[in-house]
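Scroll down for the structure; my scribbles are underneath it.
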Amino acid sequence: MTSIDTLIVGSGLTGAVIGRALSDAGREVLVVDRRSHAGGNVHDHAHASGIRIHTYGPHYFRTSSERIWEFVNRFSPFHPYEACLKSLVDGALENWPVAASYIRRTVGEGWRPEFTGKPTNFEEAALSLMPRVIYEKFVKEYNEKQWGVPAHTLSRELCARFDVRADDDPRLKPDAKYQGIPREGYAEMMRRMLEGIPLRLDVDYLRQRDEFHVKKLLVFTGPIDEFFGHDLGKLVYRAQRRSHTYLPDVEFAQPFTQINAPMHFQGPHLRTLEWKRMMEPDHASRIRGTVLTTETPFTPENPGDYEYPFPDAANAALYKKYRERADNTAGVVICGRLGEYRYYDMDQAIGRAMMLAEKILAHG
C-alpha cells in the first residue's frame, strides 16, 4: 500500500495545476492517472509528417489573466495564434460566431431577434440573439449533431458560449489579451508542469483504491458520478470520434484551421480541422503534405472518453445531488471538468484550480 499526504487522481489541467501548487508549497503529493499519458485531454502527438495533432480536438489557448499567462509560460513558450472559425453555409465560408453584417446582408438592415422574453431553453435563447433563418443555418442542426437531441431540449445556458458579433472581426476570442499554442506542444507543456511530482500512469484509482492510504486529502478530477459508483444514476457525456487523413501532395487543403459543417445534409461530422494551420509558419513550410481531421459526435460508454457534460435539466438536477454528497464528504475534493460536470476553457480550468489550491493550502 502507498501512503501519501495528498493523492491527486487525474493529471489533466486541474490535477496538474493543483499538484504543481501544492508541490511548490512543499506538500507531499502523488498524482495518478488511468491513461498511459499525462495531461488528460491537453495532449498532442506528432504525425509521421511532423505535423502536430491535438489528440482530443483543437485546444486554442487564450486568456486575459496576467497570472495565468505567466503560469503557463513557466512550462512552455507560446507562438502567437488566434483562432478564426468558419461555418460552411450555402456554399460559402462564413464567420463563426455569426457576424451582424452577414445578418444584415441576408435578412435586411432592420433585422430583429426572433424571440423576446425570458428564454427557457437553448432554442429560445439562441432565437433571442438572431432571426430564425440564421439560427436554422448556423446553430440548430449543429447543436443537434453535437448533442444528439432536439435543440429545444437543451439548456439555455449553452447559449452563453456564443453571440452575434457587432463587427466583422473573424477571431473566436478577439478580447483575449494573450493567445497562442505551446511551441513544443501541449504534451511537453504538461510534462514540464508535472516535472518533479511523483506520477503514476495506467492506474485506475477507483478500481485500485485499496492500494492507497491517503493521510490528508484526496483530490479527484474524474467523473463525479463514477466516484460514487453511479448509485444515483449515470450522468450523460458526449465526445468526438476523430478520423485523420494525410494528404501527401497538398500543401494546404482548406483556407482556415476549423471549418464547421452545421447542417445534417453535410454529413454526421461536426467540423474539419487542418492542424498545419496551427503551426508556426516557418515550421509548417518545411513539412510535406497536410493532415485533415473530421470530428463526429457520439455518446461514450467508457469514462476515459468523456469530453462534454450534457447540457440539459435532467443531468443538471442529477449532478446537483452528487455535488451535495461530494461537498459533505470529508477529506475529498471533487473538481475539474468531469468532477464539476462543467465545460471549462483551458484558462478557466487553470484559474479554478489555482483557487482550489489556495483553499487547500489555507486549510493546512
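Labeling convention for the C-alpha cells: chains A, B, ... as they appear, residues from 1 per chain, ligands from 1 in order of appearance.
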
task: Write out as JSON, numbers by chain the residues lying within 9 Å of region 360-364 of chain A, counting only C-alpha atoms and excluding same-chain residues fewer than 4 positions away.
output: {"A": [21, 22, 25, 27, 217, 355, 356]}

File dump, residues just selected, N, CA and C atoms, as a PDB file, in the first residue's frame:
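So out27.pdb came out as:
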ATOM      1  N   ALA A  21       0.956  23.495  -7.554  1.00  0.00           N
ATOM      2  CA  ALA A  21       0.871  24.476  -6.470  1.00  0.00           C
ATOM      3  C   ALA A  21       1.195  23.848  -5.118  1.00  0.00           C
ATOM      4  N   LEU A  22       0.649  22.658  -4.875  1.00  0.00           N
ATOM      5  CA  LEU A  22       0.908  22.001  -3.589  1.00  0.00           C
ATOM      6  C   LEU A  22       2.359  21.558  -3.481  1.00  0.00           C
ATOM      7  N   ALA A  25       4.631  24.356  -2.729  1.00  0.00           N
ATOM      8  CA  ALA A  25       4.492  24.788  -1.331  1.00  0.00           C
ATOM      9  C   ALA A  25       5.088  23.781  -0.350  1.00  0.00           C
ATOM     10  N   ARG A  27       4.269  20.492  -0.106  1.00  0.00           N
ATOM     11  CA  ARG A  27       3.382  19.413   0.297  1.00  0.00           C
ATOM     12  C   ARG A  27       3.789  18.089  -0.370  1.00  0.00           C
ATOM     13  N   LEU A 217      -5.629  14.396   2.166  1.00  0.00           N
ATOM     14  CA  LEU A 217      -6.618  14.866   1.198  1.00  0.00           C
ATOM     15  C   LEU A 217      -6.557  14.071  -0.095  1.00  0.00           C
ATOM     16  N   MET A 355      -7.439  28.603  -7.581  1.00  0.00           N
ATOM     17  CA  MET A 355      -8.273  28.992  -6.442  1.00  0.00           C
ATOM     18  C   MET A 355      -8.449  27.828  -5.476  1.00  0.00           C
ATOM     19  N   LEU A 356      -8.688  26.630  -6.020  1.00  0.00           N
ATOM     20  CA  LEU A 356      -8.850  25.461  -5.156  1.00  0.00           C
ATOM     21  C   LEU A 356      -7.559  25.147  -4.406  1.00  0.00           C
TER      22      LEU A 356
END

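Residues with any atom within 7 Å of Asp225 (chain A), counting only C-alpha atoms and excluding same-chain neighbours fewer than 4 positions away, are A:Gly229, A:His230, A:Lys234, A:Leu235, A:Tyr322.
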
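Distance check against Thr245 (chain A) using only C-alpha atoms: of A:Gly267, A:Gly289, A:Pro119, A:Gly233, the minimum falls on A:Gly289.
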
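Of the residues under consideration (A:Tyr308, A:Phe265, A:Phe115, A:Phe220), A:Tyr308 shows the shortest atom-to-atom contact distance to Asn41 (chain A) when counting only C-alpha atoms.
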
message: Neighbouring residues of Pro297 (chain A) were defined as those with any atom within 6 Å, considering only C-alpha atoms; residues of the same chain fewer than 3 positions away were excluded. Please report them as a PyMOL selection string.
response: chain A and resi 146+239-240

message: Considering only strand (DSSP E) as DSSP defines it on the backbone, what residues of region 114-250 of chain A qualify? List them as a PyMOL selection string.
response: chain A and resi 178-182+199-200+212-220+237-247

Could you take the residues named above and write them with N, CA and C atoms, as a PDB file, in the first residue's frame?
ATOM      1  N   TYR A 178      -3.947  37.454 -24.443  1.00  0.00           N
ATOM      2  CA  TYR A 178      -2.881  36.511 -24.793  1.00  0.00           C
ATOM      3  C   TYR A 178      -3.498  35.298 -25.487  1.00  0.00           C
ATOM      4  N   GLN A 179      -2.953  34.952 -26.657  1.00  0.00           N
ATOM      5  CA  GLN A 179      -3.464  33.805 -27.392  1.00  0.00           C
ATOM      6  C   GLN A 179      -2.289  33.108 -28.073  1.00  0.00           C
ATOM      7  N   GLY A 180      -2.299  31.785 -28.051  1.00  0.00           N
ATOM      8  CA  GLY A 180      -1.205  31.074 -28.695  1.00  0.00           C
ATOM      9  C   GLY A 180      -1.277  29.578 -28.516  1.00  0.00           C
ATOM     10  N   ILE A 181      -0.220  28.918 -29.015  1.00  0.00           N
ATOM     11  CA  ILE A 181      -0.061  27.469 -28.945  1.00  0.00           C
ATOM     12  C   ILE A 181       1.334  27.193 -28.387  1.00  0.00           C
ATOM     13  N   PRO A 182       1.504  26.250 -27.463  1.00  0.00           N
ATOM     14  CA  PRO A 182       2.846  25.935 -26.951  1.00  0.00           C
ATOM     15  C   PRO A 182       3.793  25.552 -28.091  1.00  0.00           C
ATOM     16  N   LEU A 199       4.437  10.700 -10.266  1.00  0.00           N
ATOM     17  CA  LEU A 199       3.329  10.464 -11.187  1.00  0.00           C
ATOM     18  C   LEU A 199       3.295   8.992 -11.558  1.00  0.00           C
ATOM     19  N   ARG A 200       2.124   8.404 -11.450  1.00  0.00           N
ATOM     20  CA  ARG A 200       1.932   7.012 -11.863  1.00  0.00           C
ATOM     21  C   ARG A 200       0.823   6.951 -12.903  1.00  0.00           C
ATOM     22  N   PHE A 212      -4.047   2.482  -1.826  1.00  0.00           N
ATOM     23  CA  PHE A 212      -3.594   3.798  -1.391  1.00  0.00           C
ATOM     24  C   PHE A 212      -4.151   4.148  -0.019  1.00  0.00           C
ATOM     25  N   HIS A 213      -3.278   4.714   0.817  1.00  0.00           N
ATOM     26  CA  HIS A 213      -3.690   5.271   2.100  1.00  0.00           C
ATOM     27  C   HIS A 213      -3.471   6.777   2.028  1.00  0.00           C
ATOM     28  N   VAL A 214      -4.567   7.531   1.999  1.00  0.00           N
ATOM     29  CA  VAL A 214      -4.487   8.983   1.880  1.00  0.00           C
ATOM     30  C   VAL A 214      -4.567   9.580   3.277  1.00  0.00           C
ATOM     31  N   LYS A 215      -3.497  10.226   3.692  1.00  0.00           N
ATOM     32  CA  LYS A 215      -3.420  10.721   5.064  1.00  0.00           C
ATOM     33  C   LYS A 215      -4.157  12.048   5.277  1.00  0.00           C
ATOM     34  N   LYS A 216      -4.175  12.898   4.263  1.00  0.00           N
ATOM     35  CA  LYS A 216      -4.780  14.219   4.441  1.00  0.00           C
ATOM     36  C   LYS A 216      -5.915  14.507   3.462  1.00  0.00           C
ATOM     37  N   LEU A 217      -5.629  14.396   2.166  1.00  0.00           N
ATOM     38  CA  LEU A 217      -6.618  14.866   1.198  1.00  0.00           C
ATOM     39  C   LEU A 217      -6.557  14.071  -0.095  1.00  0.00           C
ATOM     40  N   LEU A 218      -7.754  13.718  -0.593  1.00  0.00           N
ATOM     41  CA  LEU A 218      -7.901  13.132  -1.916  1.00  0.00           C
ATOM     42  C   LEU A 218      -8.497  14.194  -2.841  1.00  0.00           C
ATOM     43  N   VAL A 219      -7.808  14.488  -3.937  1.00  0.00           N
ATOM     44  CA  VAL A 219      -8.325  15.383  -4.968  1.00  0.00           C
ATOM     45  C   VAL A 219      -8.687  14.514  -6.164  1.00  0.00           C
ATOM     46  N   PHE A 220      -9.972  14.439  -6.475  1.00  0.00           N
ATOM     47  CA  PHE A 220     -10.462  13.561  -7.536  1.00  0.00           C
ATOM     48  C   PHE A 220     -10.978  14.406  -8.686  1.00  0.00           C
ATOM     49  N   TYR A 237     -22.555  12.091 -21.012  1.00  0.00           N
ATOM     50  CA  TYR A 237     -21.467  12.866 -21.610  1.00  0.00           C
ATOM     51  C   TYR A 237     -21.490  12.669 -23.121  1.00  0.00           C
ATOM     52  N   ARG A 238     -20.863  13.594 -23.837  1.00  0.00           N
ATOM     53  CA  ARG A 238     -20.660  13.439 -25.273  1.00  0.00           C
ATOM     54  C   ARG A 238     -19.170  13.535 -25.579  1.00  0.00           C
ATOM     55  N   ALA A 239     -18.795  13.020 -26.729  1.00  0.00           N
ATOM     56  CA  ALA A 239     -17.399  13.040 -27.149  1.00  0.00           C
ATOM     57  C   ALA A 239     -17.360  13.093 -28.668  1.00  0.00           C
ATOM     58  N   GLN A 240     -16.143  13.071 -29.222  1.00  0.00           N
ATOM     59  CA  GLN A 240     -15.967  13.107 -30.672  1.00  0.00           C
ATOM     60  C   GLN A 240     -15.145  11.902 -31.129  1.00  0.00           C
ATOM     61  N   ARG A 241     -15.589  11.284 -32.225  1.00  0.00           N
ATOM     62  CA  ARG A 241     -14.741  10.322 -32.930  1.00  0.00           C
ATOM     63  C   ARG A 241     -13.940  11.102 -33.958  1.00  0.00           C
ATOM     64  N   ARG A 242     -12.644  10.859 -34.003  1.00  0.00           N
ATOM     65  CA  ARG A 242     -11.761  11.632 -34.875  1.00  0.00           C
ATOM     66  C   ARG A 242     -11.144  10.740 -35.940  1.00  0.00           C
ATOM     67  N   SER A 243     -11.283  11.182 -37.165  1.00  0.00           N
ATOM     68  CA  SER A 243     -10.752  10.445 -38.308  1.00  0.00           C
ATOM     69  C   SER A 243      -9.724  11.324 -39.011  1.00  0.00           C
ATOM     70  N   HIS A 244      -8.482  10.818 -39.126  1.00  0.00           N
ATOM     71  CA  HIS A 244      -7.375  11.585 -39.682  1.00  0.00           C
ATOM     72  C   HIS A 244      -7.072  11.141 -41.113  1.00  0.00           C
ATOM     73  N   THR A 245      -6.839  12.105 -41.983  1.00  0.00           N
ATOM     74  CA  THR A 245      -6.462  11.819 -43.373  1.00  0.00           C
ATOM     75  C   THR A 245      -5.222  12.633 -43.724  1.00  0.00           C
ATOM     76  N   TYR A 246      -4.174  11.933 -44.184  1.00  0.00           N
ATOM     77  CA  TYR A 246      -2.943  12.607 -44.609  1.00  0.00           C
ATOM     78  C   TYR A 246      -2.964  12.763 -46.120  1.00  0.00           C
ATOM     79  N   LEU A 247      -2.757  13.985 -46.567  1.00  0.00           N
ATOM     80  CA  LEU A 247      -2.702  14.288 -47.995  1.00  0.00           C
ATOM     81  C   LEU A 247      -1.265  14.675 -48.339  1.00  0.00           C
TER      82      LEU A 247
END

message: Applying 7 Å and only C-alpha atoms, which residues near Ser87 (chain A) remain after dropping the ones on its own chain fewer than 6 positions away? List them as number ranges by chain.
response: A: 93-96, 259-262

Do a neighbour search on Tyr306 (chain A) at 9 Å with only C-alpha atoms, toss out local chain neighbours closer than 3 positions, and write the hits as an mmCIF file with C-alpha atoms, in the first residue's frame.
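Generated output (result-v1.cif):
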data_model
loop_
_atom_site.group_PDB
_atom_site.id
_atom_site.type_symbol
_atom_site.label_atom_id
_atom_site.label_comp_id
_atom_site.auth_asym_id
_atom_site.auth_seq_id
_atom_site.Cartn_x
_atom_site.Cartn_y
_atom_site.Cartn_z
ATOM 1 C CA PRO A 223 -16.425 11.853 -13.271
ATOM 2 C CA VAL A 236 -24.526 11.703 -19.704
ATOM 3 C CA TYR A 237 -21.467 12.866 -21.610
ATOM 4 C CA ARG A 238 -20.660 13.439 -25.273
ATOM 5 C CA ALA A 239 -17.399 13.040 -27.149
ATOM 6 C CA THR A 299 -22.217 9.208 -26.659
ATOM 7 C CA PRO A 300 -19.328 7.345 -24.984
ATOM 8 C CA GLU A 301 -19.681 4.473 -22.532
ATOM 9 C CA ASN A 302 -16.040 4.464 -21.416
ATOM 10 C CA PRO A 303 -15.325 7.194 -18.817
ATOM 11 C CA PRO A 309 -21.016 17.323 -19.880
ATOM 12 C CA LEU A 338 -15.685 15.934 -15.054
#

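Using only C-alpha atoms, the smallest distance between any of A:Ile224, A:Ala125, A:Leu206, A:Leu154 and Leu318 (chain A) comes from A:Ile224.
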
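You will find CA of Ala176 (chain A) at 21.4 Å from CA of Arg337 (chain A).
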
task: For each of A:Arg286, A:Lys145, A:Arg277, A:His152, take the minimum atom-to-atom distance to Asp312 (chain A), counting only C-alpha atoms, then give the residue where this is smallest.
output: A:His152

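Taking region 230-321 of chain A and asking which residues DSSP calls alpha helix (DSSP H) on the backbone, you get A:Pro281, A:Asp282, A:His283, A:Ala284, A:Ala313, A:Ala314, A:Asn315, A:Ala316, A:Ala317, A:Leu318, A:Tyr319, A:Lys320, A:Lys321.
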
For the selection just defined, write its residues with C-alpha atoms to a file, as an mmCIF file, in the first residue's frame.
data_model
loop_
_atom_site.group_PDB
_atom_site.id
_atom_site.type_symbol
_atom_site.label_atom_id
_atom_site.label_comp_id
_atom_site.auth_asym_id
_atom_site.auth_seq_id
_atom_site.Cartn_x
_atom_site.Cartn_y
_atom_site.Cartn_z
ATOM 1 C CA PRO A 281 4.539 29.276 -40.458
ATOM 2 C CA ASP A 282 8.304 28.686 -40.814
ATOM 3 C CA HIS A 283 7.949 25.182 -39.403
ATOM 4 C CA ALA A 284 4.837 24.401 -41.441
ATOM 5 C CA ALA A 313 -32.165 19.988 -16.947
ATOM 6 C CA ALA A 314 -32.220 16.286 -16.041
ATOM 7 C CA ASN A 315 -28.442 15.984 -15.899
ATOM 8 C CA ALA A 316 -28.101 19.293 -14.055
ATOM 9 C CA ALA A 317 -30.505 18.001 -11.375
ATOM 10 C CA LEU A 318 -28.650 14.695 -11.048
ATOM 11 C CA TYR A 319 -25.307 16.459 -10.806
ATOM 12 C CA LYS A 320 -26.668 18.675 -8.032
ATOM 13 C CA LYS A 321 -27.442 15.573 -5.964
#

- prompt: Looking at A:Asp169, A:Glu280, A:Glu340, A:Glu144, which one is nearest to Ala353 (chain A), with distances taken over only C-alpha atoms?
  reply: A:Glu340

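Proximity ranking of A:Val291, A:Ile53, A:Val139, A:Cys335 relative to His264 (chain A) places A:Val139 first, based on only C-alpha atoms.
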
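We find CA of Thr6 (chain A) and CA of Tyr205 (chain A) to be spaced 13.6 Å apart.
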
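Every protein, DNA or RNA residue with an atom at most 8 Å from Thr257 (chain A), where only C-alpha atoms count and chain neighbours fewer than 5 positions away do not, is listed here: A:Ala83, A:Cys84, A:Leu85, A:Leu273, A:Glu274, A:Trp275, A:Lys276, A:Arg277, A:Met278.
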